[in-house]
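K.L.:
Here it is, the structure, as structure tokens.
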Amino acid sequence: MTGSRPPFQVSRSEVMTSARRVRSSRHNTLRLSGSIFWGTISASIILAGFVLKNCKPSPLPLYVDLRAREIPASFMARLANRNGVTTRDFARDLGIDFFGVCYNKQDAIERLAAFGNVPCAALLRWTPVRPAAQNAHMNGQTFSRLSFSVGQMRACPACLRTHAVTGEGSAHGQMSFYGHWQLRHVSLCLTHNLPLVTLWSDKVQHRRLDIGLHLAELADDILTGTFDRQERTATDFDIWLENRLSGRTDQTWLHRFATGEAADLCTWLGEAVTKVEPQDFDPSDPDNLWRITQLGYATASKGGAPVTRVLERLQAEFGSARAGPKQVLDSFYTILGTPGSKNTRPTLREFIRSHIINHWPLGPGDNLFGEPVTTRKLHSIRTAARETGIDQRRLGNLLAQAGLVPPAGNRPDDNETLFDAAASRGLIDGLANSVGAQSVQTALGISRSQFALLRKDGYFEPQLDGTGAKPVWDLSAGRALLNSFLKNAIPVATNDNDWVGLAQAAQRLKIRPGKILNLVRNGRFNQLGRVTNGMMYSDLRVRIADVKPLLEYSASPGLTLTDFKQATHVSLPLGARLARAGIISSFEAPQKLTRLPQIFVTQASIDEFNAKFVAKSALRHWLGLNHYAITKLVRTFGLEGAPQIPARPGTDVIFEWTEVEKKLFCRWPPASNAD
């Protein structure tokens, strides 16, 4: 049979396929067995760890006593050394979270405290615990994050050597680290008077706090005194800070601040003192931080007034026309201006904020430490000009006239010239609404000449009239003054010719308009009128017949130049010139109404003039000629003017009678014997 195969005959391909299946089945069996084995091991480890972590910790047979101020990482290192293992192995074997201890996690600290047979609260007392962002609490004292040395482990070598000879185990395993050593402001061990030194640095906290590992490497140098520095005497600040850390009562002005705030203030204040007073050390050297804090404490411990004086000196020496509080206060402003300072340094922040508001021209619209300023305590000329809209130079002169700032030549830059905002509030508010003379005249309907005359009589006084600056007026005050006259005025028709404006009445009566207003103000004249519905000064009306009887005329001391003109036909300007030249006898006396100086003559001086002189206008009048005819007649007969009275172009000519009688005609009796 074609294509068939005998029974039980197997092809090569089937044999190969069967072999692959057998190998695959064996491999899968082995892989499954291995997976089961390692899975069982992993589960056992996880179960053991779970059981270890969740079992109730019991105190270890081999334990160490917790030293005062010791931090948890140091206690764990000593406990591990007592039990003969490394710190990390100790934590792993007992299910203690090593990282949790380094980062002060509550559950990890509680487990360590249970194995070490110490209270958890005692273990946490001297380690910085941060229940809120940016804040740290240690032994009941509050510190900011920046109060601690960043990335450094500092200690007193003498204290570590003392630890090394107590207890059992290796020397480095007995050494302890105290929490207050990590405070930036703690620079001295008060027990041994030795400065604290940095043993190692690491910015990663869990590596830095593997204390046992680091001490094992440095133990020999610590024991031999390699890290020791020169002893020094404790400063007042060192003693004060130790008292605050110990919970003792603070009797200084600094008691109002938290410990971290007070220490920061002493440091910043000390830096300010080094800027205004020369020192015998380098303030930029980090090793001199203890000297700087002592300078600040010496000032701050005496009270707020000395602190303010130092800051004022700093402002006076380093302040400039454009320097604000940030440039002058430097680190004060920079640190307190951060958002977190509101929680970490609230009292110090408020103290410096109040100082800045009381010493810089800040007000509504300004922002200080992230908060708006709501009350202005000081103004500068610049801020006042910005608030009122008046030019700085002009405003400075106006303020100088008001006595708020020194005169222009005696004051510094306008930004540095400060004055009390409360004392100047009324003036500044008024200046904000002040206007110039032209605006007042337009708003009240007063002409320029009338405004000048009214000012001479004490009306419409300017709000400020500074030297070197144009005066300004409070328009509302000017309107109120005008309304005081308008409110009782009688309505008058526009076409009533008996009533005239104050300007016209004053001109006719030869007085100033202020005199009429004085009569109204004094209650002597109540017939003041105004155009119906008129609200301007130009709408005020009076009747001359009502005003004239109230004016006080004094007896005239003599004849006026008008009388002289009527008797001699000499014009008023020429008559005044003759009087000043001494051609006619005259004298000056107050005018009978205005009391202004006026020229007067006597009848004798008029008769004397007429006997000796004659004016060309008088000849024209007597001969009945016009101007051109008399001029032609004078030229034809060659009349010459009196030599002592030179003629001016366009003015009358004065002749001597002798000249007229000689060449033209004579009078009777003649003035001379000429034919």
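Chain labels run A, B, ... following the order of the structure tokens; each chain numbers its residues from 1, and ligands are numbered from 1 in the order shown.
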Mind listing the helix (DSSP H, G or I) residues of segment 398-462 of chain A, per DSSP on the backbone, as a JSON list (two decimals) with C-alpha atoms, in the first residue's frame?
P.N.:
```json
[["chain", "number", "residue", "atom", "x", "y", "z"],
["A", 398, "LEU", "CA", 5.65, 124.62, 51.45],
["A", 399, "LEU", "CA", 6.37, 122.10, 54.22],
["A", 400, "ALA", "CA", 9.38, 124.16, 55.31],
["A", 401, "GLN", "CA", 7.13, 127.22, 55.66],
["A", 408, "ALA", "CA", 15.91, 123.62, 51.47],
["A", 409, "GLY", "CA", 19.53, 124.46, 52.26],
["A", 410, "ASN", "CA", 19.51, 122.74, 55.64],
["A", 425, "ARG", "CA", -2.30, 114.86, 58.30],
["A", 426, "GLY", "CA", -4.48, 117.97, 58.16],
["A", 427, "LEU", "CA", -1.95, 119.87, 56.07],
["A", 428, "ILE", "CA", -1.28, 116.97, 53.70],
["A", 429, "ASP", "CA", -4.99, 116.34, 53.19],
["A", 430, "GLY", "CA", -5.47, 120.02, 52.49],
["A", 431, "LEU", "CA", -2.58, 120.13, 50.05],
["A", 432, "ALA", "CA", -4.05, 117.18, 48.20],
["A", 437, "ALA", "CA", -4.26, 131.31, 42.25],
["A", 438, "GLN", "CA", -5.60, 131.05, 38.71],
["A", 439, "SER", "CA", -7.76, 128.05, 39.61],
["A", 440, "VAL", "CA", -9.18, 129.89, 42.62],
["A", 441, "GLN", "CA", -9.97, 132.98, 40.52],
["A", 442, "THR", "CA", -11.69, 130.91, 37.84],
["A", 443, "ALA", "CA", -13.67, 128.80, 40.30],
["A", 444, "LEU", "CA", -14.90, 131.80, 42.31],
["A", 448, "ARG", "CA", -6.83, 138.85, 38.83],
["A", 449, "SER", "CA", -6.71, 142.50, 39.96],
["A", 450, "GLN", "CA", -9.64, 142.07, 42.37],
["A", 451, "PHE", "CA", -8.03, 138.92, 43.82],
["A", 452, "ALA", "CA", -4.81, 140.84, 44.49],
["A", 453, "LEU", "CA", -6.71, 143.70, 46.20],
["A", 454, "LEU", "CA", -8.75, 141.28, 48.31],
["A", 455, "ARG", "CA", -5.58, 139.49, 49.43],
["A", 456, "LYS", "CA", -4.14, 142.84, 50.61]]
```
K.L.:
Can you tell me which residues surround Thr344 of chain A at a distance of at most 10 Å, considering only C-alpha atoms, apart from same-chain residues fewer than 5 positions away, and format the answer as a ChimeraX atom specification?
P.N.:
/A:132-136,142-146,258,260-261,336,339,349
K.L.:
Would you output that residue set with C-alpha atoms, as a CSV table (one decimal), in the first residue's frame?
P.N.:
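After the write, part_15.csv holds the following:
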```csv
chain,number,residue,atom,x,y,z
A,132,ALA,CA,4.9,72.2,62.5
A,133,ALA,CA,6.8,73.3,59.5
A,134,GLN,CA,9.9,75.4,60.2
A,135,ASN,CA,9.5,75.1,64.0
A,136,ALA,CA,11.5,73.0,66.4
A,142,THR,CA,11.2,77.0,70.5
A,143,PHE,CA,13.8,77.4,67.7
A,144,SER,CA,13.7,77.9,64.0
A,145,ARG,CA,15.2,75.5,61.5
A,146,LEU,CA,18.2,77.9,61.0
A,258,ALA,CA,11.4,82.7,72.4
A,260,GLY,CA,15.6,81.0,69.3
A,261,GLU,CA,14.3,84.4,68.5
A,336,LEU,CA,12.4,87.9,58.8
A,339,PRO,CA,7.2,83.4,54.7
A,349,ARG,CA,9.3,89.8,63.4
```
K.L.:
Nearest to Trp181 of chain A among A:Asp498, A:Asp221, A:Asp420, A:Glu70, with distances taken over only C-alpha atoms: which residue is it?
P.N.:
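Using only C-alpha atoms, the shortest distance to Trp181 of chain A belongs to A:Glu70.
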K.L.:
Would you list the contacts of segment 106-117 of chain A as a PyMOL selection string, taking every protein, DNA or RNA residue within 12 Å and counting only C-alpha atoms, but skipping same-chain residues closer than 2 positions in sequence?
P.N.:
chain A and resi 52-66+71-80+82-83+87+90-104+119-125+127+129-131
K.L.:
Near Leu481 of chain A, within 10 Å and counting only C-alpha atoms, which residues show up once chain neighbours fewer than 5 positions away are dropped, as a ChimeraX atom specification?
P.N.:
/A:459-460,475-476,486
K.L.:
Next, dump the selected residues to file, keeping only N, CA, C and O atoms, as a PDB file, in the first residue's frame.
P.N.:
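selection.pdb written:
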```pdb
ATOM      1  N   TYR A 459      -8.338 138.835  52.735  1.00  0.00           N
ATOM      2  CA  TYR A 459      -9.283 137.843  52.241  1.00  0.00           C
ATOM      3  C   TYR A 459      -8.571 136.850  51.317  1.00  0.00           C
ATOM      4  O   TYR A 459      -7.609 137.197  50.622  1.00  0.00           O
ATOM      5  N   PHE A 460      -9.080 135.600  51.322  1.00  0.00           N
ATOM      6  CA  PHE A 460      -8.538 134.532  50.462  1.00  0.00           C
ATOM      7  C   PHE A 460      -7.040 134.340  50.695  1.00  0.00           C
ATOM      8  O   PHE A 460      -6.238 134.348  49.756  1.00  0.00           O
ATOM      9  N   LEU A 475      -9.327 125.294  47.980  1.00  0.00           N
ATOM     10  CA  LEU A 475     -10.472 125.803  47.239  1.00  0.00           C
ATOM     11  C   LEU A 475     -11.760 125.717  48.052  1.00  0.00           C
ATOM     12  O   LEU A 475     -12.622 126.604  47.968  1.00  0.00           O
ATOM     13  N   SER A 476     -11.881 124.668  48.856  1.00  0.00           N
ATOM     14  CA  SER A 476     -13.100 124.533  49.658  1.00  0.00           C
ATOM     15  C   SER A 476     -13.208 125.664  50.679  1.00  0.00           C
ATOM     16  O   SER A 476     -14.307 126.171  50.949  1.00  0.00           O
ATOM     17  N   LEU A 486     -22.575 135.422  50.159  1.00  0.00           N
ATOM     18  CA  LEU A 486     -23.679 135.210  49.223  1.00  0.00           C
ATOM     19  C   LEU A 486     -24.964 134.803  49.928  1.00  0.00           C
ATOM     20  O   LEU A 486     -26.067 135.135  49.459  1.00  0.00           O
TER      21      LEU A 486
END
```
K.L.:
Where does DSSP see strand (DSSP E) in segment 307-404 of chain A, if you list the residues as a list in words?
P.N.:
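Those in segment 307-404 of chain A that DSSP calls strand (DSSP E) are Asn367, Leu368, Glu371, Pro372, Leu378, His379 and Ser380 of chain A.
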K.L.:
For the residues in that selection, give me all heavy atoms as a PDB file, in the first residue's frame.
P.N.:
```
ATOM      1  N   ASN A 367       4.183  97.104  51.145  1.00  0.00           N
ATOM      2  CA  ASN A 367       4.133  95.746  51.671  1.00  0.00           C
ATOM      3  C   ASN A 367       5.385  95.498  52.485  1.00  0.00           C
ATOM      4  O   ASN A 367       6.489  95.778  52.033  1.00  0.00           O
ATOM      5  CB  ASN A 367       4.038  94.746  50.511  1.00  0.00           C
ATOM      6  CG  ASN A 367       3.643  93.359  50.974  1.00  0.00           C
ATOM      7  OD1 ASN A 367       4.440  92.654  51.596  1.00  0.00           O
ATOM      8  ND2 ASN A 367       2.435  92.956  50.668  1.00  0.00           N
ATOM      9  N   LEU A 368       5.218  94.977  53.695  1.00  0.00           N
ATOM     10  CA  LEU A 368       6.355  94.734  54.583  1.00  0.00           C
ATOM     11  C   LEU A 368       6.249  93.329  55.147  1.00  0.00           C
ATOM     12  O   LEU A 368       5.255  92.986  55.795  1.00  0.00           O
ATOM     13  CB  LEU A 368       6.369  95.771  55.717  1.00  0.00           C
ATOM     14  CG  LEU A 368       7.518  95.688  56.725  1.00  0.00           C
ATOM     15  CD1 LEU A 368       8.859  95.834  56.021  1.00  0.00           C
ATOM     16  CD2 LEU A 368       7.375  96.741  57.800  1.00  0.00           C
ATOM     17  N   GLU A 371       3.116  91.431  54.290  1.00  0.00           N
ATOM     18  CA  GLU A 371       1.828  91.923  54.778  1.00  0.00           C
ATOM     19  C   GLU A 371       1.692  93.397  54.442  1.00  0.00           C
ATOM     20  O   GLU A 371       2.670  94.142  54.480  1.00  0.00           O
ATOM     21  CB  GLU A 371       1.700  91.718  56.284  1.00  0.00           C
ATOM     22  CG  GLU A 371       1.727  90.263  56.717  1.00  0.00           C
ATOM     23  CD  GLU A 371       1.584  90.111  58.214  1.00  0.00           C
ATOM     24  OE1 GLU A 371       1.390  91.146  58.904  1.00  0.00           O
ATOM     25  OE2 GLU A 371       1.669  88.976  58.706  1.00  0.00           O
ATOM     26  N   PRO A 372       0.477  93.855  54.131  1.00  0.00           N
ATOM     27  CA  PRO A 372       0.297  95.269  53.797  1.00  0.00           C
ATOM     28  C   PRO A 372       0.454  96.162  55.023  1.00  0.00           C
ATOM     29  O   PRO A 372       0.080  95.788  56.133  1.00  0.00           O
ATOM     30  CB  PRO A 372      -1.139  95.318  53.251  1.00  0.00           C
ATOM     31  CG  PRO A 372      -1.818  94.147  53.880  1.00  0.00           C
ATOM     32  CD  PRO A 372      -0.769  93.076  54.019  1.00  0.00           C
ATOM     33  N   LEU A 378       5.366 107.855  59.300  1.00  0.00           N
ATOM     34  CA  LEU A 378       6.271 108.895  58.802  1.00  0.00           C
ATOM     35  C   LEU A 378       6.003 109.170  57.333  1.00  0.00           C
ATOM     36  O   LEU A 378       5.615 108.273  56.574  1.00  0.00           O
ATOM     37  CB  LEU A 378       7.733 108.465  58.979  1.00  0.00           C
ATOM     38  CG  LEU A 378       8.299 108.403  60.401  1.00  0.00           C
ATOM     39  CD1 LEU A 378       9.730 107.900  60.365  1.00  0.00           C
ATOM     40  CD2 LEU A 378       8.232 109.753  61.079  1.00  0.00           C
ATOM     41  N   HIS A 379       6.223 110.407  56.966  1.00  0.00           N
ATOM     42  CA  HIS A 379       6.193 110.841  55.569  1.00  0.00           C
ATOM     43  C   HIS A 379       7.590 111.346  55.202  1.00  0.00           C
ATOM     44  O   HIS A 379       8.305 111.902  56.042  1.00  0.00           O
ATOM     45  CB  HIS A 379       5.210 111.999  55.386  1.00  0.00           C
ATOM     46  CG  HIS A 379       3.938 111.605  54.704  1.00  0.00           C
ATOM     47  ND1 HIS A 379       3.908 110.887  53.523  1.00  0.00           N
ATOM     48  CD2 HIS A 379       2.641 111.842  55.018  1.00  0.00           C
ATOM     49  CE1 HIS A 379       2.663 110.705  53.160  1.00  0.00           C
ATOM     50  NE2 HIS A 379       1.864 111.265  54.055  1.00  0.00           N
ATOM     51  N   SER A 380       7.979 111.129  53.980  1.00  0.00           N
ATOM     52  CA  SER A 380       9.101 111.865  53.407  1.00  0.00           C
ATOM     53  C   SER A 380       8.514 112.866  52.419  1.00  0.00           C
ATOM     54  O   SER A 380       7.340 112.773  52.052  1.00  0.00           O
ATOM     55  CB  SER A 380      10.067 110.913  52.690  1.00  0.00           C
ATOM     56  OG  SER A 380       9.466 110.366  51.528  1.00  0.00           O
TER      57      SER A 380
END
```
K.L.:
I need the residue nearest Gln205 of chain A from this list: A:Ser149, A:Thr347, A:Gln174, A:Thr162. Use only C-alpha atoms for the distance.
P.N.:
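Closest to Gln205 of chain A, using only C-alpha atoms: A:Ser149.
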K.L.:
When you draw a straight line from atom CA of Leu194 of chain A to atom CA of Glu231 of chain A, how long is it in Å?
P.N.:
4.8 Å
K.L.:
Residues of segment 465-523 of chain A that approach segment 580-592 of chain A to 12 Å or less, counting only C-alpha atoms: could you list each one with the shortest pair of atoms and its distance in Å to one decimal, rows by chain and increasing residue number, as a tab-separated table?
P.N.:
```
residue	atom	partner	partner_atom	distance
A:Leu509	CA	A:Lys592	CA	11.8
A:Lys510	CA	A:Gln591	CA	10.0
A:Ile511	CA	A:Gln591	CA	10.6
```
K.L.:
Restricting it to C-alpha atoms, dump the selection as a CSV table (one decimal), in the first residue's frame.
P.N.:
```
chain,number,residue,atom,x,y,z
A,509,LEU,CA,-15.5,155.3,45.7
A,510,LYS,CA,-11.7,155.3,45.5
A,511,ILE,CA,-11.4,152.4,47.9
```
K.L.:
If you count only C-alpha atoms, which residues fall within 6 Å of segment 487-490 of chain A, apart from same-chain ones fewer than 6 positions away, as number ranges by chain?
P.N.:
A: 528-530
K.L.:
I want to know what sits within 9 Å of segment 285-296 of chain A, based on only C-alpha atoms, with residues of the same chain fewer than 6 positions away left out; could you give that as a ChimeraX atom specification?
P.N.:
/A:185-188,235-238,263-274,307
K.L.:
For a test of reading the model, state the distance in Å between atom CA of Gln603 of chain A and atom CA of Lys662 of chain A, rounded to one decimal.
P.N.:
27.4 Å
K.L.:
Could you work out how far atom CA of Asn358 of chain A lies from atom CA of Lys377 of chain A, giving the answer in Å with one decimal?
P.N.:
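Distance reported for this atom pair: 5.7 Å.
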